[in-house]
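Shown next: entry_23.pdb, containing PDB, C-alpha atoms.
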MODEL        1
ATOM      1  CA  MET A   1     122.361  84.079  79.534
ATOM      2  CA  ASN A   2     120.697  82.177  76.728
ATOM      3  CA  THR A   3     117.324  82.458  78.444
ATOM      4  CA  LEU A   4     117.805  86.176  78.794
ATOM      5  CA  LEU A   5     118.564  86.464  75.102
ATOM      6  CA  THR A   6     115.400  84.610  74.074
ATOM      7  CA  LEU A   7     113.442  86.739  76.532
ATOM      8  CA  ALA A   8     114.864  89.907  74.989
ATOM      9  CA  GLN A   9     113.973  88.659  71.508
ATOM     10  CA  THR A  10     110.424  87.579  72.289
ATOM     11  CA  THR A  11     109.550  90.787  74.135
ATOM     12  CA  GLY A  12     111.266  92.818  71.459
ATOM     13  CA  ASP A  13     108.304  95.036  70.642
ATOM     14  CA  ILE A  14     108.778  98.233  72.585
ATOM     15  CA  GLU A  15     105.069  98.942  73.050
ATOM     16  CA  GLY A  16     104.569  96.133  75.536
ATOM     17  CA  GLY A  17     107.559  97.383  77.514
ATOM     18  CA  LEU A  18     106.141 100.899  77.582
ATOM     19  CA  ARG A  19     102.815  99.565  78.828
ATOM     20  CA  ALA A  20     104.575  97.819  81.686
ATOM     21  CA  VAL A  21     106.489 101.014  82.531
ATOM     22  CA  GLY A  22     103.195 102.923  82.455
ATOM     23  CA  TYR A  23     101.638 100.540  84.898
ATOM     24  CA  GLY A  24     104.700 100.798  87.132
ATOM     25  CA  LEU A  25     104.410 104.598  87.179
ATOM     26  CA  ALA A  26     100.685 104.379  87.931
ATOM     27  CA  ALA A  27     101.393 102.118  90.898
ATOM     28  CA  VAL A  28     103.889 104.454  92.601
ATOM     29  CA  GLY A  29     101.449 107.083  93.870
ATOM     30  CA  PRO A  30      98.783 104.737  95.250
ATOM     31  CA  GLY A  31     101.526 102.602  96.826
ATOM     32  CA  VAL A  32     102.878 105.543  98.784
ATOM     33  CA  GLY A  33      99.347 106.729  99.561
ATOM     34  CA  ILE A  34      98.074 103.407 100.867
ATOM     35  CA  GLY A  35     101.195 102.875 102.964
ATOM     36  CA  TYR A  36     100.852 106.286 104.556
ATOM     37  CA  LEU A  37      97.108 105.827 105.063
ATOM     38  CA  VAL A  38      97.301 102.407 106.699
ATOM     39  CA  GLY A  39     100.250 103.478 108.840
ATOM     40  CA  ASN A  40      98.285 106.373 110.246
ATOM     41  CA  ALA A  41      95.180 104.203 110.693
ATOM     42  CA  VAL A  42      97.205 101.678 112.711
ATOM     43  CA  GLN A  43      98.557 104.503 114.830
ATOM     44  CA  ALA A  44      95.036 105.815 115.422
ATOM     45  CA  MET A  45      93.758 102.348 116.351
ATOM     46  CA  ALA A  46      96.680 101.804 118.750
ATOM     47  CA  ARG A  47      96.098 105.132 120.462
ATOM     48  CA  GLN A  48      92.353 104.726 120.761
ATOM     49  CA  PRO A  49      91.327 101.058 120.480
ATOM     50  CA  GLU A  50      87.656 101.831 121.165
ATOM     51  CA  ALA A  51      87.497 103.855 117.938
ATOM     52  CA  ALA A  52      88.955 100.957 115.933
ATOM     53  CA  PRO A  53      85.752  99.905 114.035
ATOM     54  CA  MET A  54      85.174 103.447 112.804
ATOM     55  CA  VAL A  55      88.814 103.904 111.836
ATOM     56  CA  ARG A  56      88.821 100.564 110.014
ATOM     57  CA  THR A  57      85.750 101.436 107.920
ATOM     58  CA  THR A  58      87.204 104.806 106.970
ATOM     59  CA  MET A  59      90.564 103.182 106.255
ATOM     60  CA  PHE A  60      89.020 100.741 103.794
ATOM     61  CA  LEU A  61      87.203 103.604 102.086
ATOM     62  CA  GLY A  62      90.448 105.541 101.745
ATOM     63  CA  ILE A  63      92.271 102.496 100.430
ATOM     64  CA  ALA A  64      89.540 101.948  97.856
ATOM     65  CA  PHE A  65      89.849 105.516  96.583
ATOM     66  CA  ALA A  66      93.649 105.489  96.465
ATOM     67  CA  GLU A  67      93.734 102.068  94.856
ATOM     68  CA  ALA A  68      91.435 103.122  92.023
ATOM     69  CA  LEU A  69      94.279 105.052  90.349
ATOM     70  CA  ALA A  70      96.567 102.026  90.268
ATOM     71  CA  LEU A  71      93.738  99.864  88.949
ATOM     72  CA  ILE A  72      92.930 102.291  86.157
ATOM     73  CA  GLY A  73      96.619 102.163  85.229
ATOM     74  CA  PHE A  74      96.423  98.372  85.232
ATOM     75  CA  VAL A  75      93.364  98.292  82.979
ATOM     76  CA  VAL A  76      94.882 100.810  80.573
ATOM     77  CA  THR A  77      97.815  98.387  80.160
ATOM     78  CA  PHE A  78      95.474  95.977  78.372
ATOM     79  CA  LEU A  79      93.573  98.487  76.227
TER      80      LEU A  79
ATOM     81  CA  MET B   1     114.705  75.935  77.404
ATOM     82  CA  LEU B   2     111.108  76.870  78.023
ATOM     83  CA  ALA B   3     109.970  76.388  74.459
ATOM     84  CA  GLU B   4     106.526  75.267  75.620
ATOM     85  CA  PHE B   5     105.932  78.405  77.623
ATOM     86  CA  GLU B   6     103.830  80.790  75.624
ATOM     87  CA  PHE B   7     101.373  83.072  77.331
ATOM     88  CA  PRO B   8      98.039  83.080  75.481
ATOM     89  CA  PRO B   9      96.488  86.404  74.454
ATOM     90  CA  ILE B  10      94.514  87.927  77.312
ATOM     91  CA  SER B  11      91.211  87.452  75.487
ATOM     92  CA  HIS B  12      91.697  83.661  75.599
ATOM     93  CA  LEU B  13      91.371  83.757  79.380
ATOM     94  CA  PHE B  14      88.073  85.582  79.450
ATOM     95  CA  VAL B  15      86.151  84.856  76.252
ATOM     96  CA  TRP B  16      84.187  81.624  76.243
ATOM     97  CA  PRO B  17      82.209  80.008  73.408
ATOM     98  CA  ASP B  18      78.447  79.610  73.747
ATOM     99  CA  ILE B  19      77.176  76.229  74.842
ATOM    100  CA  ALA B  20      73.474  76.726  74.137
ATOM    101  CA  LEU B  21      71.353  79.272  72.234
ATOM    102  CA  LYS B  22      74.327  80.030  70.009
ATOM    103  CA  ASP B  23      74.689  83.432  68.299
ATOM    104  CA  THR B  24      71.738  85.029  70.049
ATOM    105  CA  ALA B  25      71.749  87.751  72.671
ATOM    106  CA  PHE B  26      70.847  85.085  75.227
ATOM    107  CA  GLY B  27      73.731  82.731  74.474
ATOM    108  CA  ILE B  28      74.747  80.626  77.432
ATOM    109  CA  ASN B  29      78.449  80.146  78.100
ATOM    110  CA  LYS B  30      80.619  79.319  81.085
ATOM    111  CA  VAL B  31      80.274  82.817  82.523
ATOM    112  CA  VAL B  32      76.472  82.567  82.582
ATOM    113  CA  LEU B  33      76.666  79.152  84.239
ATOM    114  CA  VAL B  34      78.976  80.506  86.949
ATOM    115  CA  ILE B  35      76.593  83.432  87.531
ATOM    116  CA  TRP B  36      73.687  81.006  87.920
ATOM    117  CA  LEU B  37      75.738  78.845  90.249
ATOM    118  CA  SER B  38      76.649  81.749  92.519
ATOM    119  CA  SER B  39      73.056  83.025  92.563
ATOM    120  CA  ALA B  40      71.839  79.527  93.430
ATOM    121  CA  LEU B  41      74.446  79.255  96.179
ATOM    122  CA  THR B  42      73.383  82.583  97.677
ATOM    123  CA  LEU B  43      69.719  81.521  97.684
ATOM    124  CA  LEU B  44      70.557  78.082  99.053
ATOM    125  CA  PHE B  45      72.712  79.559 101.815
ATOM    126  CA  PHE B  46      69.963  81.804 103.132
ATOM    127  CA  PHE B  47      67.132  79.289 102.672
ATOM    128  CA  ALA B  48      69.161  76.670 104.540
ATOM    129  CA  ALA B  49      69.927  79.225 107.236
ATOM    130  CA  SER B  50      66.292  80.179 107.730
ATOM    131  CA  ALA B  51      64.857  76.634 107.491
ATOM    132  CA  ARG B  52      64.888  75.982 111.230
ATOM    133  CA  ALA B  53      63.653  79.446 112.129
ATOM    134  CA  ARG B  54      60.656  79.023 109.802
ATOM    135  CA  LYS B  55      59.760  75.827 111.632
ATOM    136  CA  GLY B  56      59.541  77.803 114.854
ATOM    137  CA  SER B  57      62.846  76.869 116.434
ATOM    138  CA  LEU B  58      64.472  79.889 118.050
ATOM    139  CA  VAL B  59      67.943  78.495 118.791
ATOM    140  CA  PRO B  60      70.287  79.113 115.854
ATOM    141  CA  SER B  61      72.752  76.434 114.828
ATOM    142  CA  GLY B  62      75.115  75.521 111.999
ATOM    143  CA  VAL B  63      74.464  77.432 108.789
ATOM    144  CA  GLN B  64      72.133  79.821 110.555
ATOM    145  CA  ASN B  65      74.966  80.991 112.794
ATOM    146  CA  ALA B  66      77.156  81.712 109.780
ATOM    147  CA  ALA B  67      74.380  83.547 107.939
ATOM    148  CA  GLU B  68      73.476  85.599 111.005
ATOM    149  CA  ALA B  69      77.111  86.541 111.580
ATOM    150  CA  GLY B  70      77.422  87.589 107.933
ATOM    151  CA  TYR B  71      74.201  89.589 107.989
ATOM    152  CA  ASP B  72      75.270  91.195 111.258
ATOM    153  CA  LEU B  73      78.582  92.214 109.693
ATOM    154  CA  VAL B  74      76.796  93.914 106.794
ATOM    155  CA  GLU B  75      74.176  95.534 109.023
ATOM    156  CA  GLN B  76      76.466  96.797 111.776
ATOM    157  CA  SER B  77      79.813  97.521 110.175
ATOM    158  CA  ILE B  78      78.549  98.613 106.759
ATOM    159  CA  ALA B  79      74.943  99.825 106.808
ATOM    160  CA  VAL B  80      74.616 101.424 110.253
ATOM    161  CA  GLU B  81      78.237 102.590 110.389
ATOM    162  CA  VAL B  82      77.998 104.426 107.066
ATOM    163  CA  MET B  83      74.329 105.390 106.691
ATOM    164  CA  GLY B  84      73.342 105.991 110.302
ATOM    165  CA  HIS B  85      69.785 105.220 111.384
ATOM    166  CA  ASP B  86      68.581 104.629 107.826
ATOM    167  CA  GLY B  87      71.067 101.802 107.586
ATOM    168  CA  LYS B  88      68.814  99.140 109.097
ATOM    169  CA  LYS B  89      66.305  99.609 106.255
ATOM    170  CA  TRP B  90      69.020  99.157 103.623
ATOM    171  CA  ALA B  91      70.729  96.176 105.249
ATOM    172  CA  PRO B  92      68.734  93.511 103.308
ATOM    173  CA  PHE B  93      69.636  95.056  99.948
ATOM    174  CA  LEU B  94      73.280  95.569 100.908
ATOM    175  CA  SER B  95      73.645  92.054 102.266
ATOM    176  CA  ALA B  96      72.147  90.589  99.086
ATOM    177  CA  LEU B  97      74.740  92.590  97.131
ATOM    178  CA  PHE B  98      77.563  91.570  99.475
ATOM    179  CA  PHE B  99      76.752  87.861  99.522
ATOM    180  CA  TRP B 100      76.211  87.605  95.784
ATOM    181  CA  ILE B 101      79.572  89.237  95.025
ATOM    182  CA  LEU B 102      81.236  87.158  97.743
ATOM    183  CA  PHE B 103      79.878  83.865  96.396
ATOM    184  CA  ALA B 104      80.634  84.829  92.800
ATOM    185  CA  ASN B 105      84.237  85.657  93.769
ATOM    186  CA  LEU B 106      84.708  82.514  95.855
ATOM    187  CA  VAL B 107      83.194  80.210  93.219
ATOM    188  CA  GLY B 108      85.667  81.734  90.780
ATOM    189  CA  LEU B 109      88.560  80.314  92.801
ATOM    190  CA  VAL B 110      87.297  76.736  93.011
ATOM    191  CA  PRO B 111      89.506  74.436  90.892
ATOM    192  CA  ILE B 112      87.935  73.350  87.560
ATOM    193  CA  ILE B 113      85.520  76.326  87.616
ATOM    194  CA  GLN B 114      88.269  78.926  88.134
ATOM    195  CA  LEU B 115      86.588  81.887  86.514
ATOM    196  CA  PRO B 116      85.817  84.897  88.689
ATOM    197  CA  VAL B 117      82.798  86.312  86.843
ATOM    198  CA  ALA B 118      83.540  89.832  88.077
ATOM    199  CA  SER B 119      86.536  89.744  85.730
ATOM    200  CA  LYS B 120      84.032  90.068  82.861
ATOM    201  CA  ILE B 121      83.433  93.811  82.828
ATOM    202  CA  ALA B 122      79.682  93.466  82.164
ATOM    203  CA  ILE B 123      78.978  92.175  85.658
ATOM    204  CA  PRO B 124      80.678  94.936  87.694
ATOM    205  CA  MET B 125      79.302  97.423  85.150
ATOM    206  CA  PHE B 126      75.748  96.258  85.778
ATOM    207  CA  LEU B 127      76.214  96.354  89.561
ATOM    208  CA  ALA B 128      77.825  99.815  89.489
ATOM    209  CA  LEU B 129      75.089 101.177  87.202
ATOM    210  CA  LEU B 130      72.441  99.718  89.519
ATOM    211  CA  ILE B 131      73.980 101.578  92.462
ATOM    212  CA  TRP B 132      74.354 104.738  90.357
ATOM    213  CA  VAL B 133      70.709 104.750  89.271
ATOM    214  CA  LEU B 134      69.604 103.933  92.816
ATOM    215  CA  MET B 135      71.756 106.779  94.166
ATOM    216  CA  ILE B 136      70.194 109.353  91.826
ATOM    217  CA  PHE B 137      66.669 107.971  92.316
ATOM    218  CA  MET B 138      66.934 108.027  96.118
ATOM    219  CA  GLY B 139      68.410 111.522  95.966
ATOM    220  CA  PHE B 140      65.447 112.896  94.037
ATOM    221  CA  LYS B 141      63.020 110.889  96.141
ATOM    222  CA  SER B 142      64.262 112.097  99.512
ATOM    223  CA  GLN B 143      65.417 115.644  98.667
ATOM    224  CA  GLY B 144      63.375 116.578  95.613
ATOM    225  CA  PRO B 145      64.922 118.670  92.813
ATOM    226  CA  LYS B 146      67.191 120.276  95.422
ATOM    227  CA  TYR B 147      69.240 117.079  95.344
ATOM    228  CA  PHE B 148      70.869 117.964  92.063
ATOM    229  CA  THR B 149      71.665 121.563  93.004
ATOM    230  CA  ASN B 150      72.974 120.430  96.394
ATOM    231  CA  ALA B 151      75.153 117.867  94.697
ATOM    232  CA  ILE B 152      76.836 120.194  92.207
ATOM    233  CA  PHE B 153      76.751 123.388  94.304
ATOM    234  CA  PRO B 154      78.141 122.172  97.633
ATOM    235  CA  PRO B 155      77.055 124.600 100.369
ATOM    236  CA  GLY B 156      79.653 126.622 102.281
ATOM    237  CA  VAL B 157      81.818 127.425  99.255
ATOM    238  CA  PRO B 158      82.520 131.072  98.301
ATOM    239  CA  LYS B 159      80.358 132.099  95.321
ATOM    240  CA  ALA B 160      83.247 132.831  92.951
ATOM    241  CA  LEU B 161      84.722 129.388  93.488
ATOM    242  CA  TYR B 162      81.649 127.687  91.993
ATOM    243  CA  ILE B 163      83.129 128.278  88.524
ATOM    244  CA  LEU B 164      85.840 125.815  89.513
ATOM    245  CA  VAL B 165      83.992 123.578  91.973
ATOM    246  CA  THR B 166      80.795 122.849  90.038
ATOM    247  CA  PRO B 167      82.336 121.107  86.989
ATOM    248  CA  ILE B 168      84.685 119.139  89.232
ATOM    249  CA  GLU B 169      81.851 118.040  91.510
ATOM    250  CA  PHE B 170      79.653 117.074  88.560
ATOM    251  CA  VAL B 171      82.351 115.008  86.878
ATOM    252  CA  SER B 172      83.520 113.336  90.061
ATOM    253  CA  LYS B 173      80.041 112.575  91.398
ATOM    254  CA  PHE B 174      78.172 111.479  88.312
ATOM    255  CA  LEU B 175      80.841 110.240  85.901
ATOM    256  CA  VAL B 176      84.025 109.171  87.698
ATOM    257  CA  ARG B 177      82.189 107.607  90.620
ATOM    258  CA  PRO B 178      80.361 104.769  88.815
ATOM    259  CA  PHE B 179      83.410 104.229  86.608
ATOM    260  CA  SER B 180      85.846 103.778  89.487
ATOM    261  CA  HIS B 181      83.256 101.714  91.381
ATOM    262  CA  MET B 182      83.143  99.360  88.405
ATOM    263  CA  VAL B 183      86.871  99.293  87.662
ATOM    264  CA  ARG B 184      87.778  98.539  91.280
ATOM    265  CA  LEU B 185      85.919  95.235  91.370
ATOM    266  CA  PHE B 186      86.708  94.333  87.760
ATOM    267  CA  ALA B 187      90.449  95.033  87.811
ATOM    268  CA  ASN B 188      91.104  93.317  91.133
ATOM    269  CA  LEU B 189      89.465  90.114  89.986
ATOM    270  CA  MET B 190      90.990  90.265  86.511
ATOM    271  CA  ALA B 191      94.477  90.815  87.951
ATOM    272  CA  GLY B 192      93.980  87.838  90.252
ATOM    273  CA  HIS B 193      92.853  85.625  87.401
ATOM    274  CA  ILE B 194      95.838  86.580  85.229
ATOM    275  CA  LEU B 195      98.225  86.078  88.141
ATOM    276  CA  LEU B 196      96.937  82.584  88.890
ATOM    277  CA  THR B 197      96.993  81.693  85.187
ATOM    278  CA  THR B 198     100.594  82.882  84.873
ATOM    279  CA  PHE B 199     101.833  80.725  87.721
ATOM    280  CA  ALA B 200      99.814  77.716  86.574
ATOM    281  CA  LEU B 201     101.195  77.990  83.021
ATOM    282  CA  LEU B 202     104.742  78.453  84.309
ATOM    283  CA  THR B 203     104.384  75.371  86.501
ATOM    284  CA  ALA B 204     103.108  73.338  83.550
ATOM    285  CA  ALA B 205     105.938  74.558  81.298
ATOM    286  CA  LEU B 206     108.568  73.699  83.923
ATOM    287  CA  TRP B 207     106.987  70.275  84.430
ATOM    288  CA  LEU B 208     107.657  69.537  80.756
ATOM    289  CA  ALA B 209     111.089  71.187  80.701
ATOM    290  CA  LYS B 210     114.340  69.198  80.997
ATOM    291  CA  TRP B 211     116.961  70.358  83.457
ATOM    292  CA  ASN B 212     115.174  73.557  84.517
ATOM    293  CA  ALA B 213     112.451  71.421  86.075
ATOM    294  CA  VAL B 214     114.381  71.971  89.317
ATOM    295  CA  PHE B 215     112.774  75.421  89.417
ATOM    296  CA  LEU B 216     109.310  73.821  89.440
ATOM    297  CA  PRO B 217     108.639  74.385  93.195
ATOM    298  CA  LEU B 218     109.038  78.153  92.830
ATOM    299  CA  PRO B 219     105.968  78.911  90.649
ATOM    300  CA  LEU B 220     104.065  75.988  92.177
ATOM    301  CA  PHE B 221     104.229  77.313  95.728
ATOM    302  CA  MET B 222     103.863  80.886  94.545
ATOM    303  CA  GLY B 223     100.641  79.828  92.810
ATOM    304  CA  ILE B 224      99.334  78.230  95.985
ATOM    305  CA  ALA B 225     100.265  81.296  98.045
ATOM    306  CA  MET B 226      98.539  83.508  95.473
ATOM    307  CA  LEU B 227      95.385  81.406  95.789
ATOM    308  CA  GLY B 228      95.349  82.269  99.493
ATOM    309  CA  PHE B 229      95.875  85.921  98.629
ATOM    310  CA  GLU B 230      93.015  85.780  96.118
ATOM    311  CA  LEU B 231      90.720  84.412  98.851
ATOM    312  CA  LEU B 232      91.506  87.546 100.853
ATOM    313  CA  VAL B 233      90.896  89.743  97.784
ATOM    314  CA  ALA B 234      87.558  88.007  97.101
ATOM    315  CA  VAL B 235      86.236  88.840 100.568
ATOM    316  CA  LEU B 236      87.778  92.306 100.690
ATOM    317  CA  GLN B 237      86.441  93.383  97.290
ATOM    318  CA  ALA B 238      82.908  92.255  98.150
ATOM    319  CA  TYR B 239      83.205  94.256 101.368
ATOM    320  CA  ILE B 240      84.581  97.362  99.660
ATOM    321  CA  PHE B 241      82.012  97.276  96.838
ATOM    322  CA  THR B 242      79.191  97.072  99.398
ATOM    323  CA  ILE B 243      80.627  99.772 101.653
ATOM    324  CA  LEU B 244      81.000 102.158  98.704
ATOM    325  CA  ALA B 245      77.439 101.398  97.609
ATOM    326  CA  ALA B 246      76.322 102.279 101.137
ATOM    327  CA  VAL B 247      78.332 105.529 101.074
ATOM    328  CA  TYR B 248      76.910 106.596  97.702
ATOM    329  CA  ILE B 249      73.296 105.819  98.579
ATOM    330  CA  GLY B 250      73.631 107.192 102.117
ATOM    331  CA  GLU B 251      75.004 110.467 100.779
ATOM    332  CA  SER B 252      71.998 111.050  98.546
ATOM    333  CA  LEU B 253      69.554 110.353 101.389
ATOM    334  CA  HIS B 254      70.741 113.379 103.348
ATOM    335  CA  PRO B 255      71.917 116.734 101.999
ATOM    336  CA  GLU B 256      75.488 117.735 102.752
ATOM    337  CA  HIS B 257      76.015 120.291 105.462
TER     338      HIS B 257
ENDMDL
END
What do you get writing this file as structure tokens?
Amino acid sequence: MNTLLTLAQTTGDIEGGLRAVGYGLAAVGPGVGIGYLVGNAVQAMARQPEAAPMVRTTMFLGIAFAEALALIGFVVTFL
Amino acid sequence: MLAEFEFPPISHLFVWPDIALKDTAFGINKVVLVIWLSSALTLLFFFAASARARKGSLVPSGVQNAAEAGYDLVEQSIAVEVMGHDGKKWAPFLSALFFWILFANLVGLVPIIQLPVASKIAIPMFLALLIWVLMIFMGFKSQGPKYFTNAIFPPGVPKALYILVTPIEFVSKFLVRPFSHMVRLFANLMAGHILLTTFALLTAALWLAKWNAVFLPLPLFMGIAMLGFELLVAVLQAYIFTILAAVYIGESLHPEH
């Protein structure tokens, strides 16, 4: 309990908390997107293993694009 | 209580004082040394790999096997897969890019050095700008002035929609693209560095703490697990940066259909 109290006092400034909430919000969309994307890629690779290299390359591309939003949110946290 | 635990300001993790040539534009600090080290490692790796072949021996062994497997990965699963037949010509450039980023990321995880240089924004910025300039240059070189009109007026779109499509295409192709290319590498490495620092500092603070030292194994093992995760990120980010470079350059070599 004491630790919690000190924690609450040291992180008292509300701006830092808002930044963390902002990053959390930014991470929701890409999280859902990447999960959906990789799930479907795994399904595609399981159905047609000979197409796996192509699917994997495209999957990484898609992940990179979806992830960019979360990363921008992360960087904005420190600005 | 964890009185000793105080997280330093973020700038303390990334800003380093100059060692030589102080207060000039060419000041040398830890970041520059790590860049030199990773460049030297890349050169050394490929010179060591090609040493036997230059002497006339045809059977690969040791380092040469590793280098050939790495080059093959870049050539087959990045260059040819993304750019088609032109890929073979671009494979040397892309593999230089891939191996430099890979070595820079891996060197950044070695204890004592522990500074991924890509977490300084100047380095990903330079690499992304290089790819951006190369993309535009190759576009004009292989398609002429039509490259620009093709890029912002994508064919097959109804005429009236160009009011909407053209600004979006321009912004996304020429402004957002290099920015997100840069941020992707930068933010991944910076997040990893902060994560490892957090667990290391927490471990140190718990080491000095009294009764709560029983919690010491938690951040300690989490830090070690995160180091393994950062190894994965180091390889994956080098791969993704190179594959996106290949996509951007490959797209400007051929007009869209």
Item to check | chain A contacts on chain B, all atoms listed in the file, 10 Å, as a PyMOL selection string | outcome: chain B and resi 1-3+10-11+77-78+81-82+177+179-188+190-191+236-237+239-241+243-244+247
Evaluate the PyMOL selection byres ((chain A and resi 33) around 12) and record the selected residues as a short mmCIF file (atom, residue, chain, number, x, y, z; two decimals) with C-alpha atoms, in the frame of the given file, following the chain and residue labels used in the document.
data_model
loop_
_atom_site.label_atom_id
_atom_site.label_comp_id
_atom_site.auth_asym_id
_atom_site.auth_seq_id
_atom_site.Cartn_x
_atom_site.Cartn_y
_atom_site.Cartn_z
CA ALA A 26 100.68 104.38 87.93
CA ALA A 27 101.39 102.12 90.90
CA VAL A 28 103.89 104.45 92.60
CA GLY A 29 101.45 107.08 93.87
CA PRO A 30 98.78 104.74 95.25
CA GLY A 31 101.53 102.60 96.83
CA VAL A 32 102.88 105.54 98.78
CA ILE A 34 98.07 103.41 100.87
CA GLY A 35 101.20 102.88 102.96
CA TYR A 36 100.85 106.29 104.56
CA LEU A 37 97.11 105.83 105.06
CA VAL A 38 97.30 102.41 106.70
CA GLY A 39 100.25 103.48 108.84
CA ASN A 40 98.28 106.37 110.25
CA MET A 59 90.56 103.18 106.26
CA GLY A 62 90.45 105.54 101.74
CA ILE A 63 92.27 102.50 100.43
CA ALA A 64 89.54 101.95 97.86
CA PHE A 65 89.85 105.52 96.58
CA ALA A 66 93.65 105.49 96.46
CA GLU A 67 93.73 102.07 94.86
CA ALA A 68 91.44 103.12 92.02
CA LEU A 69 94.28 105.05 90.35
CA ALA A 70 96.57 102.03 90.27
#
Next on the checklist: For the PyMOL selection byres ((chain B and resi 108) around 12), applied here, can you spell out every residue it catches as a PyMOL selection string?
Outcome noted: chain B and resi 30-31+33-35+37-38+101-107+109-120+189-190+192-193+196+227+230-231+233-234
Next on the checklist: Using Å and a single decimal, report how far atom CA of Thr77 of chain A sits from atom CA of Ile28 of chain B.
Outcome noted: 29.2 Å
Item to check | Hits of the PyMOL selection byres ((chain B and resi 146-156) around 12) in this structure, as a PyMOL selection string | outcome: chain B and resi 135-145+157-174+248+251-257
Checklist entry - Quick one: distance from atom CA of Ile194 of chain B to atom CA of Trp16 of chain B in Å, one decimal? => result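 Going from atom CA of Ile194 of chain B over to atom CA of Trp16 of chain B covers 15.5 Å.
Across the model, the gap from atom CA of Val15 of chain B to atom CA of Ile14 of chain A is 26.5 Å.
Among the candidates B:Ser39, B:Ser50, B:Ser57, B:Asn29, the residue lying nearest to Phe14 of chain B is B:Asn29 (atoms considered: all atoms listed in the file).
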